[in-house]
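Here the structure is laid out as structure tokens; the discussion comes afterwards.
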Amino acid sequence: QAQIVESGGGLVQPGGSLRLSCAASGRIFSAYTMSWHRQAPGNQRELVAISTGGGRTDYADSVRGRFRISRDNAKNTVFLQMNSLKPEDTAVYYCKRSFKGNDMWGQGTQVTVSS
């Protein structure tokens, strides 16, 4: 059964860094579009960063220059390096695998930025 599993969340002080990981099952991981999304209480889920199978990446304006998405196709894993974290980055972060119109979500990992 296909699975998406995120890890790496936690509590960090403002200005700190975290690295999220997402392991995704599938035989053609390199072809998948992988993305990170987040949802804060009372807010809609929003796209944070995306990495296509063709190597394109893009970011939400709110995280551009602070976050970096990368992937290791040999290990079926996508990462989100988050630097200069702000309290407004606090949310549950979700990983999504997309391929030919089919989406699969992970269970999410909590990131809390607070002093």
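Identifiers for the structure tokens are assigned positionally: chains receive A, B, ... in sequence, residues are indexed from 1 per chain, and ligands are indexed from 1 in the order shown.
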
At most 10 Å is the cut-off: for each residue in range 22-98 of chain A with any atom that close to an atom of range 11-15 of chain A, write down the nearest atom pair and the distance in Å rounded to one decimal, counting only C-alpha atoms, chain first then increasing number, as a tab-separated table.
residue	atom	partner	partner_atom	distance
A:Met82	CA	A:Gly15	CA	9.9
A:Asn83	CA	A:Gly15	CA	7.0
A:Ser84	CA	A:Gly15	CA	4.2
A:Leu85	CA	A:Gly15	CA	4.8
A:Lys86	CA	A:Pro14	CA	5.1
A:Pro87	CA	A:Pro14	CA	6.3
A:Glu88	CA	A:Pro14	CA	9.6
A:Asp89	CA	A:Pro14	CA	9.5
A:Thr90	CA	A:Leu11	CA	9.1

Which residues are close to Ala49 in chain A, i.e. within 8 Å by only C-alpha atoms, leaving aside same-chain residues fewer than 3 positions away? Reply as a CSV table (one decimal) with N, CA and C atoms, in the first residue's frame.
chain,number,residue,atom,x,y,z
A,35,SER,N,5.4,17.9,-3.1
A,35,SER,CA,5.2,19.3,-2.6
A,35,SER,C,5.0,19.2,-1.1
A,36,TRP,N,5.3,20.4,-0.5
A,36,TRP,CA,5.1,20.6,1.0
A,36,TRP,C,4.0,21.6,1.1
A,37,HIS,N,3.1,21.4,2.0
A,37,HIS,CA,2.0,22.3,2.3
A,37,HIS,C,1.9,22.5,3.8
A,57,THR,N,11.5,23.8,-9.3
A,57,THR,CA,11.1,24.1,-7.9
A,57,THR,C,10.4,25.5,-7.9
A,58,ASP,N,9.6,25.6,-6.9
A,58,ASP,CA,8.9,26.9,-6.7
A,58,ASP,C,8.5,27.0,-5.2
A,59,TYR,N,8.3,28.3,-4.8
A,59,TYR,CA,8.1,28.5,-3.4
A,59,TYR,C,7.0,29.5,-3.2
A,60,ALA,N,6.3,29.4,-2.1
A,60,ALA,CA,5.4,30.5,-1.7
A,60,ALA,C,6.2,31.8,-1.4
A,68,ARG,N,14.1,25.7,1.5
A,68,ARG,CA,14.6,25.1,0.3
A,68,ARG,C,14.1,23.6,0.2
A,69,ILE,N,13.5,23.3,-0.9
A,69,ILE,CA,13.0,21.9,-1.2
A,69,ILE,C,14.1,21.2,-2.0

Which neighbours of range 101-107 of chain A fall inside 7 Å, counting only C-alpha atoms, when residues of the same chain fewer than 5 positions from it are skipped, and could you give them as a PyMOL selection string?
chain A and resi 4-6+94-96

Computed interatomic separation between CA of Ala23 in chain A and CA of Asn43 in chain A (Å):
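Calculated distance between CA of Ala23 in chain A and CA of Asn43 in chain A is 25.7 Å.
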
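Counting only C-alpha atoms and comparing A:Ala31, A:Val63, A:Leu80, A:Ala91, the residue that lies closest to Leu18 in chain A is A:Leu80.
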
One decimal, in Å: what's the spacing between CA of Val111 in chain A and CA of Val92 in chain A?
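For CA of Val111 in chain A relative to CA of Val92 in chain A, the distance reads 6.0 Å.
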
As a PyMOL selection string, list the residues of chain A assigned to helix (DSSP H, G or I) by DSSP on the backbone atoms of this structure.
chain A and resi 29-31+73-75+87-89

Would you put the residues from that selection into a file with N, CA and C atoms, as a PDB file, in the first residue's frame?
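And here is the file that came out, out-v2.pdb:
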ATOM      1  N   PHE A  29       9.593   7.258  -8.321  1.00  0.00           N
ATOM      2  CA  PHE A  29       9.637   8.460  -7.494  1.00  0.00           C
ATOM      3  C   PHE A  29      10.152   9.652  -8.277  1.00  0.00           C
ATOM      4  N   SER A  30      11.126   9.437  -9.138  1.00  0.00           N
ATOM      5  CA  SER A  30      11.727  10.553  -9.871  1.00  0.00           C
ATOM      6  C   SER A  30      10.725  11.269 -10.772  1.00  0.00           C
ATOM      7  N   ALA A  31       9.647  10.598 -11.109  1.00  0.00           N
ATOM      8  CA  ALA A  31       8.634  11.200 -11.979  1.00  0.00           C
ATOM      9  C   ALA A  31       7.550  11.950 -11.208  1.00  0.00           C
ATOM     10  N   ASN A  73      16.113  11.088  -5.173  1.00  0.00           N
ATOM     11  CA  ASN A  73      15.288  10.115  -5.893  1.00  0.00           C
ATOM     12  C   ASN A  73      15.702   8.680  -5.601  1.00  0.00           C
ATOM     13  N   ALA A  74      16.957   8.464  -5.299  1.00  0.00           N
ATOM     14  CA  ALA A  74      17.428   7.102  -5.007  1.00  0.00           C
ATOM     15  C   ALA A  74      16.844   6.582  -3.699  1.00  0.00           C
ATOM     16  N   LYS A  75      16.471   7.522  -2.817  1.00  0.00           N
ATOM     17  CA  LYS A  75      15.927   7.127  -1.514  1.00  0.00           C
ATOM     18  C   LYS A  75      14.440   7.445  -1.388  1.00  0.00           C
ATOM     19  N   PRO A  87       7.544  32.880  13.966  1.00  0.00           N
ATOM     20  CA  PRO A  87       6.345  32.332  14.622  1.00  0.00           C
ATOM     21  C   PRO A  87       5.208  32.039  13.648  1.00  0.00           C
ATOM     22  N   GLU A  88       5.095  32.831  12.601  1.00  0.00           N
ATOM     23  CA  GLU A  88       4.025  32.614  11.615  1.00  0.00           C
ATOM     24  C   GLU A  88       4.251  31.386  10.744  1.00  0.00           C
ATOM     25  N   ASP A  89       5.397  30.736  10.882  1.00  0.00           N
ATOM     26  CA  ASP A  89       5.622  29.469  10.183  1.00  0.00           C
ATOM     27  C   ASP A  89       5.035  28.296  10.963  1.00  0.00           C
TER      28      ASP A  89
END

Neighbour list for Gly9 in chain A as an MDAnalysis selection string, cut-off 7 Å, only C-alpha atoms, skip fewer than 3 positions in-chain
chainID A and resid 20 109:111
